[in-house]
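Asker: Structure file input16.txt, compact mmCIF, C-alpha atoms, is pasted below:
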# COMPACT_ATOMS: atom_id res chain seq x y z
CA MET V 1 -11.48 27.22 -25.82
CA GLY V 2 -8.88 24.65 -26.90
CA ARG V 3 -8.81 21.02 -25.90
CA ILE V 4 -5.90 18.59 -25.56
CA VAL V 5 -6.48 14.82 -25.57
CA VAL V 6 -4.24 12.49 -23.55
CA GLU V 7 -4.51 8.71 -24.05
CA VAL V 8 -3.02 6.26 -21.55
CA MET V 9 -2.95 2.45 -21.84
CA PRO V 10 -1.65 -0.30 -19.56
CA LYS V 11 1.72 -1.57 -20.78
CA PRO V 12 1.38 -4.61 -23.07
CA GLU V 13 3.29 -6.86 -20.65
CA ILE V 14 1.13 -5.88 -17.66
CA LEU V 15 -1.90 -8.04 -16.96
CA ASP V 16 -5.11 -6.02 -17.39
CA PRO V 17 -7.74 -7.74 -15.22
CA GLN V 18 -10.34 -5.07 -16.09
CA GLY V 19 -9.90 -5.76 -19.80
CA LYS V 20 -10.20 -9.50 -19.10
CA ALA V 21 -13.45 -8.94 -17.19
CA ILE V 22 -14.85 -6.80 -20.02
CA ARG V 23 -13.92 -9.45 -22.60
CA SER V 24 -15.71 -12.17 -20.65
CA GLY V 25 -18.75 -9.86 -20.36
CA LEU V 26 -18.75 -9.37 -24.12
CA GLU V 27 -18.58 -13.13 -24.63
CA ARG V 28 -21.58 -13.60 -22.38
CA MET V 29 -23.44 -11.09 -24.60
CA GLY V 30 -22.58 -13.21 -27.60
CA LEU V 31 -19.92 -10.83 -28.90
CA SER V 32 -17.08 -13.31 -29.20
CA ALA V 33 -15.21 -11.60 -32.05
CA PHE V 34 -12.62 -10.03 -29.74
CA ALA V 35 -9.46 -11.98 -28.99
CA ASP V 36 -8.41 -9.49 -26.31
CA VAL V 37 -9.72 -6.35 -24.62
CA ARG V 38 -7.58 -3.83 -22.79
CA GLN V 39 -8.88 -0.82 -20.90
CA GLY V 40 -7.06 2.51 -20.88
CA LYS V 41 -7.82 6.09 -19.93
CA LEU V 42 -8.64 9.18 -21.97
CA PHE V 43 -8.28 12.69 -20.58
CA HIS V 44 -9.54 15.99 -21.96
CA LEU V 45 -7.45 18.96 -20.81
CA ASP V 46 -9.12 22.27 -21.71
CA VAL V 47 -7.20 25.54 -22.02
CA GLU V 48 -8.35 29.13 -22.39
CA GLY V 49 -7.81 30.17 -26.00
CA PRO V 50 -6.12 28.06 -28.68
CA VAL V 51 -3.88 25.05 -27.98
CA THR V 52 -0.32 26.42 -27.94
CA ASP V 53 3.02 24.60 -27.93
CA GLU V 54 3.39 25.60 -24.28
CA ALA V 55 0.03 24.05 -23.44
CA LEU V 56 1.00 20.84 -25.27
CA ALA V 57 4.31 20.76 -23.41
CA ALA V 58 2.49 21.16 -20.10
CA ALA V 59 0.08 18.40 -21.11
CA ARG V 60 2.99 16.09 -21.94
CA GLU V 61 4.45 16.78 -18.49
CA ALA V 62 1.09 16.05 -16.88
CA ALA V 63 0.74 12.87 -18.93
CA GLY V 64 4.16 11.57 -17.90
CA THR V 65 3.76 12.35 -14.19
CA LEU V 66 0.27 12.40 -12.70
CA LEU V 67 -1.92 11.08 -15.53
CA SER V 68 0.11 7.90 -16.01
CA ASN V 69 2.37 5.71 -13.90
CA PRO V 70 5.32 4.78 -16.14
CA VAL V 71 5.81 1.53 -14.24
CA ILE V 72 2.52 0.11 -15.48
CA GLU V 73 1.21 2.47 -18.18
CA ASP V 74 2.26 4.03 -21.49
CA VAL V 75 1.22 7.45 -22.74
CA ILE V 76 -0.11 6.67 -26.22
CA ALA V 77 -0.95 10.20 -27.39
CA VAL V 78 -0.87 13.85 -26.33
CA ARG V 79 -2.49 15.90 -29.08
CA GLU V 80 -4.94 18.66 -29.88
CA ALA V 81 -8.51 17.41 -30.02
CA THR V 82 -10.23 16.97 -33.36
CA PRO V 83 -13.24 19.27 -33.94
CA GLU V 84 -15.53 16.33 -33.11
CA GLU V 85 -13.70 15.64 -29.83
CA ALA V 86 -13.64 19.35 -28.97
CA ALA V 87 -17.43 19.51 -29.36
CA GLN V 88 -18.05 16.75 -26.79
CA MET B 3 -12.71 -25.20 38.51
CA SER B 4 -15.34 -26.24 36.02
CA ALA B 5 -14.39 -27.39 32.55
CA ARG B 6 -16.12 -24.36 31.15
CA THR B 7 -13.92 -21.99 33.15
CA ALA B 8 -10.81 -23.84 32.08
CA VAL B 9 -11.75 -23.45 28.42
CA ALA B 10 -12.50 -19.78 28.94
CA SER B 11 -9.15 -19.11 30.51
CA ALA B 12 -7.34 -20.98 27.73
CA THR B 13 -9.09 -19.00 25.00
CA PRO B 14 -9.19 -15.38 26.02
CA LEU B 15 -11.69 -13.30 24.08
CA VAL B 16 -10.59 -9.94 25.41
CA ALA B 17 -7.28 -8.18 25.31
CA ASP B 18 -4.68 -9.04 27.91
CA LEU B 19 -2.81 -5.76 27.85
CA GLY B 20 -0.34 -6.87 30.46
CA ALA B 21 0.90 -9.82 28.43
CA ASP B 22 4.20 -8.38 27.25
CA ALA B 23 6.62 -6.26 29.20
CA PRO B 24 6.86 -2.78 27.68
CA ILE B 25 9.99 -1.85 25.77
CA PRO B 26 12.01 0.44 28.05
CA GLY B 27 12.02 3.98 26.66
CA ALA B 28 9.22 3.33 24.19
CA ASP B 29 6.83 5.72 25.90
CA ALA B 30 8.98 8.68 24.82
CA LEU B 31 8.72 7.75 21.14
CA ARG B 32 6.12 9.36 18.88
CA VAL B 33 4.80 7.57 15.82
CA GLY B 34 2.72 9.68 13.44
CA VAL B 35 -0.19 8.20 11.49
CA VAL B 36 -1.26 10.22 8.44
CA ARG B 37 -4.95 10.62 7.73
CA PHE B 38 -5.91 11.35 4.13
CA PRO B 39 -9.48 11.95 2.93
CA GLY B 40 -10.64 8.36 2.46
CA SER B 41 -8.21 6.73 4.88
CA LEU B 42 -9.87 3.90 6.80
CA ASP B 43 -7.41 2.25 9.11
CA GLU B 44 -5.70 5.17 10.81
CA ARG B 45 -7.41 4.53 14.14
CA ASP B 46 -6.38 0.87 14.12
CA ALA B 47 -2.82 1.90 13.28
CA GLN B 48 -2.85 4.43 16.13
CA ARG B 49 -4.11 1.78 18.52
CA ALA B 50 -1.39 -0.61 17.35
CA VAL B 51 1.17 2.10 18.12
CA THR B 52 -0.33 2.74 21.55
CA LEU B 53 -0.38 -0.99 22.36
CA SER B 54 3.28 -1.23 21.36
CA GLY B 55 4.06 1.26 24.12
CA ALA B 56 4.70 4.43 22.07
CA GLN B 57 2.66 7.58 21.59
CA ALA B 58 0.45 7.74 18.51
CA VAL B 59 0.29 11.14 16.83
CA SER B 60 -2.42 12.00 14.32
CA LEU B 61 -1.11 13.75 11.21
CA TRP B 62 -3.37 15.41 8.64
CA HIS B 63 -2.82 15.23 4.88
CA GLY B 64 -2.81 19.05 4.70
CA ASP B 65 -0.08 19.42 7.35
CA ASP B 66 3.13 21.03 6.15
CA SER B 67 5.09 19.60 9.07
CA LEU B 68 5.53 16.23 10.73
CA GLY B 69 5.88 17.88 14.12
CA ASP B 70 8.34 15.97 16.26
CA VAL B 71 7.42 12.42 15.33
CA ASP B 72 10.10 9.73 15.21
CA ALA B 73 8.41 7.54 12.59
CA VAL B 74 5.44 7.71 10.21
CA ILE B 75 2.76 5.22 9.19
CA LEU B 76 0.68 5.69 6.03
CA PRO B 77 -2.47 3.68 6.79
CA GLY B 78 -4.82 1.65 4.64
CA GLY B 79 -7.98 2.88 2.99
CA PHE B 80 -8.96 4.62 -0.20
CA SER B 81 -7.18 7.98 -0.13
CA TYR B 82 -8.92 10.50 -2.40
CA GLY B 83 -11.36 7.77 -3.40
CA ASP B 84 -8.63 5.87 -5.28
CA TYR B 85 -9.31 8.31 -8.13
CA LEU B 86 -7.00 8.06 -11.15
CA ARG B 87 -4.83 5.33 -9.57
CA CYS B 88 -4.58 4.15 -5.96
CA GLY B 89 -2.25 6.54 -4.13
CA ALA B 90 -1.71 8.80 -7.14
CA ILE B 91 -3.41 11.88 -5.71
CA ALA B 92 -2.14 11.34 -2.16
CA LYS B 93 1.38 11.71 -3.51
CA PHE B 94 0.68 15.44 -3.93
CA ALA B 95 -0.72 16.00 -0.42
CA PRO B 96 1.32 18.66 1.43
CA VAL B 97 2.28 16.21 4.18
CA MET B 98 3.79 13.79 1.64
CA GLU B 99 6.51 16.26 0.70
CA LYS B 100 7.63 16.14 4.34
CA VAL B 101 7.26 12.36 4.52
CA VAL B 102 9.43 11.92 1.43
CA ASP B 103 12.10 14.27 2.83
CA ALA B 104 12.04 12.51 6.22
CA ALA B 105 12.18 9.05 4.61
CA ASN B 106 15.16 10.07 2.50
CA GLY B 107 16.77 11.32 5.72
CA GLY B 108 16.35 7.89 7.34
CA MET B 109 13.12 8.25 9.30
CA PRO B 110 11.23 4.93 9.50
CA VAL B 111 8.12 4.99 7.29
CA LEU B 112 5.64 2.12 6.98
CA GLY B 113 2.98 2.10 4.27
CA ILE B 114 0.18 -0.41 4.77
CA CYS B 115 -2.07 -1.36 1.83
CA ASN B 116 -3.09 2.04 0.41
CA GLY B 117 -0.02 3.39 2.20
CA PHE B 118 2.13 0.92 0.20
CA GLN B 119 0.46 2.19 -2.98
CA ILE B 120 1.24 5.78 -1.94
CA LEU B 121 4.90 4.89 -1.28
CA CYS B 122 5.19 3.39 -4.78
CA GLU B 123 3.47 6.36 -6.43
CA SER B 124 5.81 8.67 -4.46
CA HIS B 125 8.85 6.72 -5.76
CA LEU B 126 10.03 5.90 -2.24
CA LEU B 127 9.61 2.26 -3.28
CA PRO B 128 9.92 0.75 -6.78
CA GLY B 129 7.15 -0.95 -8.72
CA ALA B 130 3.39 -0.53 -8.58
CA LEU B 131 0.25 -2.28 -7.36
CA ILE B 132 -2.43 -3.24 -9.84
CA ARG B 133 -5.87 -4.81 -9.66
CA ASN B 134 -5.92 -8.35 -8.27
CA SER B 135 -5.37 -10.86 -11.06
CA HIS B 136 -8.64 -12.65 -10.25
CA GLN B 137 -10.50 -9.29 -10.41
CA HIS B 138 -12.13 -9.65 -7.00
CA PHE B 139 -11.66 -7.77 -3.75
CA ILE B 140 -10.20 -10.17 -1.21
CA CYS B 141 -10.50 -10.21 2.58
CA ARG B 142 -8.93 -13.07 4.49
CA ASP B 143 -6.42 -14.03 7.15
CA GLN B 144 -3.23 -14.49 5.17
CA ALA B 145 -0.07 -16.41 5.97
CA LEU B 146 3.17 -14.57 5.20
CA THR B 147 6.81 -15.49 5.41
CA VAL B 148 8.98 -12.74 6.84
CA GLU B 149 11.96 -12.76 4.47
CA ASN B 150 13.97 -9.88 5.86
CA ALA B 151 14.02 -9.37 9.63
CA ASP B 152 16.63 -6.64 9.37
CA THR B 153 14.50 -3.65 8.37
CA ALA B 154 13.35 -0.90 10.73
CA TRP B 155 9.89 -2.46 10.77
CA THR B 156 10.67 -6.21 10.98
CA ARG B 157 13.50 -6.69 13.47
CA SER B 158 11.15 -8.16 16.10
CA TYR B 159 10.71 -11.15 13.78
CA THR B 160 13.18 -13.79 12.64
CA ALA B 161 13.92 -14.39 8.97
CA GLY B 162 11.78 -17.25 7.68
CA GLU B 163 9.17 -16.81 10.38
CA GLU B 164 5.60 -17.44 9.26
CA ILE B 165 2.93 -15.04 10.50
CA ILE B 166 -0.80 -14.64 9.87
CA ILE B 167 -2.36 -11.19 9.49
CA PRO B 168 -5.45 -9.92 7.65
CA LEU B 169 -5.28 -9.09 3.94
CA LYS B 170 -7.99 -6.94 2.35
CA ASN B 171 -7.52 -5.29 -1.01
CA GLY B 172 -8.78 -4.96 -4.53
CA GLU B 173 -5.56 -3.68 -6.03
CA GLY B 174 -2.79 -5.60 -4.31
CA GLY B 175 -0.98 -7.21 -7.22
CA TYR B 176 2.66 -6.15 -6.95
CA VAL B 177 4.35 -5.60 -10.32
CA ALA B 178 7.76 -4.34 -11.38
CA ASP B 179 10.01 -5.12 -14.33
CA GLU B 180 12.24 -8.20 -14.13
CA ALA B 181 15.41 -6.17 -13.46
CA VAL B 182 13.79 -4.45 -10.47
CA LEU B 183 12.46 -7.76 -9.13
CA ASP B 184 15.90 -9.36 -9.48
CA GLU B 185 17.50 -6.44 -7.67
CA LEU B 186 14.93 -6.58 -4.85
CA GLU B 187 15.67 -10.30 -4.42
CA ALA B 188 19.45 -9.93 -4.65
CA THR B 189 19.56 -7.14 -2.08
CA GLY B 190 17.16 -8.75 0.39
CA ARG B 191 14.58 -6.06 -0.09
CA VAL B 192 11.67 -8.49 -0.33
CA VAL B 193 10.43 -8.07 3.25
CA ALA B 194 7.53 -10.53 3.19
CA ARG B 195 6.07 -13.06 0.77
CA TYR B 196 2.65 -14.67 0.63
CA ALA B 197 2.88 -18.23 1.98
CA GLY B 198 0.82 -21.11 0.65
CA VAL B 199 -1.33 -19.28 -1.86
CA ASN B 200 -0.73 -16.14 -3.88
CA PRO B 201 -3.92 -14.18 -3.14
CA ASN B 202 -3.71 -11.41 -5.75
CA GLY B 203 -1.25 -12.30 -8.51
CA SER B 204 1.70 -10.41 -7.02
CA GLN B 205 4.90 -11.16 -8.90
CA ARG B 206 7.16 -13.58 -7.02
CA ASN B 207 4.54 -13.72 -4.23
CA ILE B 208 5.70 -10.36 -2.94
CA ALA B 209 3.64 -9.00 -0.02
CA GLY B 210 6.05 -6.30 1.11
CA ILE B 211 9.30 -4.60 0.12
CA ALA B 212 11.80 -2.16 1.60
CA ASN B 213 13.98 0.63 0.26
CA GLU B 214 17.76 0.16 0.13
CA ARG B 215 18.30 1.59 3.58
CA GLY B 216 15.56 -0.53 5.15
CA ASN B 217 13.80 2.39 6.83
CA VAL B 218 10.92 2.52 4.34
CA VAL B 219 8.69 -0.56 4.15
CA GLY B 220 5.52 -1.11 2.13
CA LEU B 221 3.22 -3.98 3.03
CA MET B 222 -0.07 -4.99 1.39
CA PRO B 223 -1.56 -7.00 4.33
CA HIS B 224 -2.58 -5.29 7.58
CA PRO B 225 -0.49 -5.93 10.70
CA GLU B 226 -2.48 -3.29 12.62
CA HIS B 227 -5.49 -5.63 12.56
CA ALA B 228 -3.57 -8.34 14.42
CA VAL B 229 -2.22 -6.65 17.53
CA GLU B 230 -4.83 -7.34 20.19
CA ALA B 231 -6.17 -10.67 21.43
CA GLY B 232 -9.90 -10.85 20.80
CA PHE B 233 -9.72 -8.82 17.59
CA GLY B 234 -7.15 -10.60 15.44
CA PRO B 235 -7.12 -13.68 13.20
CA ASP B 236 -7.98 -17.03 14.72
CA ALA B 237 -4.88 -18.65 16.19
CA ALA B 238 -3.87 -21.84 17.95
CA SER B 239 -4.04 -19.91 21.24
CA GLY B 240 -7.70 -19.01 20.73
CA MET B 241 -10.42 -17.58 18.58
CA ARG B 242 -9.37 -14.19 17.17
CA ALA B 243 -6.32 -14.34 19.41
CA GLY B 244 -3.74 -13.79 16.65
CA VAL B 245 -1.38 -10.92 17.38
CA ASP B 246 1.29 -11.65 14.76
CA GLY B 247 1.15 -8.04 13.53
CA GLN B 248 2.54 -6.60 16.76
CA GLY B 249 6.11 -7.16 15.62
CA PHE B 250 5.96 -4.41 13.00
CA PHE B 251 5.10 -1.84 15.67
CA THR B 252 7.60 -3.04 18.26
CA SER B 253 10.30 -3.38 15.59
CA VAL B 254 10.31 0.32 14.83
CA LEU B 255 10.58 1.19 18.52
CA ARG B 256 13.57 -1.13 18.94
CA SER B 257 15.12 0.36 15.80
CA LEU B 258 14.69 3.92 17.07
CA LEU B 259 15.97 3.08 20.54
CA SER B 260 19.06 1.34 19.19
CA GLN B 261 20.14 4.39 17.17
Let me see the file written as structure tokens.
Answerer:
Amino acid sequence: MGRIVVEVMPKPEILDPQGKAIRSGLERMGLSAFADVRQGKLFHLDVEGPVTDEALAAAREAAGTLLSNPVIEDVIAVREATPEEAAQ
Amino acid sequence: MSARTAVASATPLVADLGADAPIPGADALRVGVVRFPGSLDERDAQRAVTLSGAQAVSLWHGDDSLGDVDAVILPGGFSYGDYLRCGAIAKFAPVMEKVVDAANGGMPVLGICNGFQILCESHLLPGALIRNSHQHFICRDQALTVENADTAWTRSYTAGEEIIIPLKNGEGGYVADEAVLDELEATGRVVARYAGVNPNGSQRNIAGIANERGNVVGLMPHPEHAVEAGFGPDAASGMRAGVDGQGFFTSVLRSLLSQ
């Protein structure tokens, strides 16, 4: 079975309140090394058989329509999973 | 008459359904309210429609027809559990295909709260709604300024009028790029703005917007929770007596009847 990874992040200019909340939580833990934290989304799309060009094209369509909202989010990557990611 | 009776009569705690004369012809109009899995406020929206004098029609997310309704309301709540993004999954509900077609054909459509999020995800309205800037869910009676009293859903108001209706959301921050915001302002498509305080970080204090034609309106606060004395926000006329939300529901009837 093949696996495609899709990564989505909030656009840089959009405020990310969740990232802000996580950063303040880290500071409370004593982990103050991080100037900024932003939270995105990671999707695993599994296909029967190997990852084909058609499957990647379908994943790109999914990423640009349902998996992200282009008003507030950027699709960072649509790619075949590494062996480590595929084993998860 | 005792003083106690006088106070009671000045501050009604129950609905006075005979307060306003019905709009002639309203009883023939049918306003559909869509129920998605996770919708919360569809019954309140239906009651607001009924109190405005029209017939409320319950629509189901799996319906592939709008029946013979004259207008549609997408109510508040957490459709499909707000999974992925608020309103993102509802966009693909069978009924939404018909709502989008009808809206593009001129049918009045009002999206309240989650309904506003669905309208944005469905591209009937520009922009998006993100998590409140202060990161907290908010529930309060909120003052708004009605900016555009010319849309299908706001013509019972006057431009500049201040109203108070409940606001309750976790993801109510309206965002769009500067060009879109400028266009909304220039074309009068900002329907309502938060007055006094910006409760959720919405850009330019935007609480509601309309499409170009003015038949589709999205609003983050909840007018359907301020339509019946005894159950609305506190008002000068009495405790929980605020009925400032009624205008949205009577507006659409006037719009339909004037066509």
Asker: Have a look at V:Ile22, V:Leu42, V:Ala57, V:Ala35 and name the one nearest to V:Val6; count only C-alpha atoms.
Answerer: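 Closest candidate: V:Leu42.
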Asker: Within 9 Å of chain B, which residues of chain V show up when using all atoms listed in the file, listed as a list in words?
Answerer: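 Listing them in order of chain and number gives Ile14, Leu15, Asp16, Pro17, Gln18, Lys20, Ala21, Leu66, Leu67, Ser68, Asn69, Val71 and Ile72 of chain V.
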Asker: So, counting all atoms listed in the file, which residue among V:Gly2, V:Pro70, V:Pro83, V:Gly30 is closest to V:Leu45?
Answerer: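 Of the candidates, the smallest distance to V:Leu45 is held by V:Gly2.
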Asker: Can you measure atom CA of B:Glu230 to atom CA of B:Gly210 for me? One decimal in Å is fine.
Answerer: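 If I compute the distance from atom CA of B:Glu230 to atom CA of B:Gly210, I get 22.0 Å.
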Asker: Within 9 Å of V:Ile4, counting all atoms listed in the file, which residues qualify if same-chain residues fewer than 5 places away don't, as a ChimeraX atom specification?
Answerer: /V:43-47,51,55-56,59,78-81,86
Asker: Between atom CA of B:Ile140 and atom CA of B:Gly234, what is the distance in Å, rounded to a tenth?
Answerer: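 Answer for the atom CA of B:Ile140 to atom CA of B:Gly234 separation: 16.9 Å.
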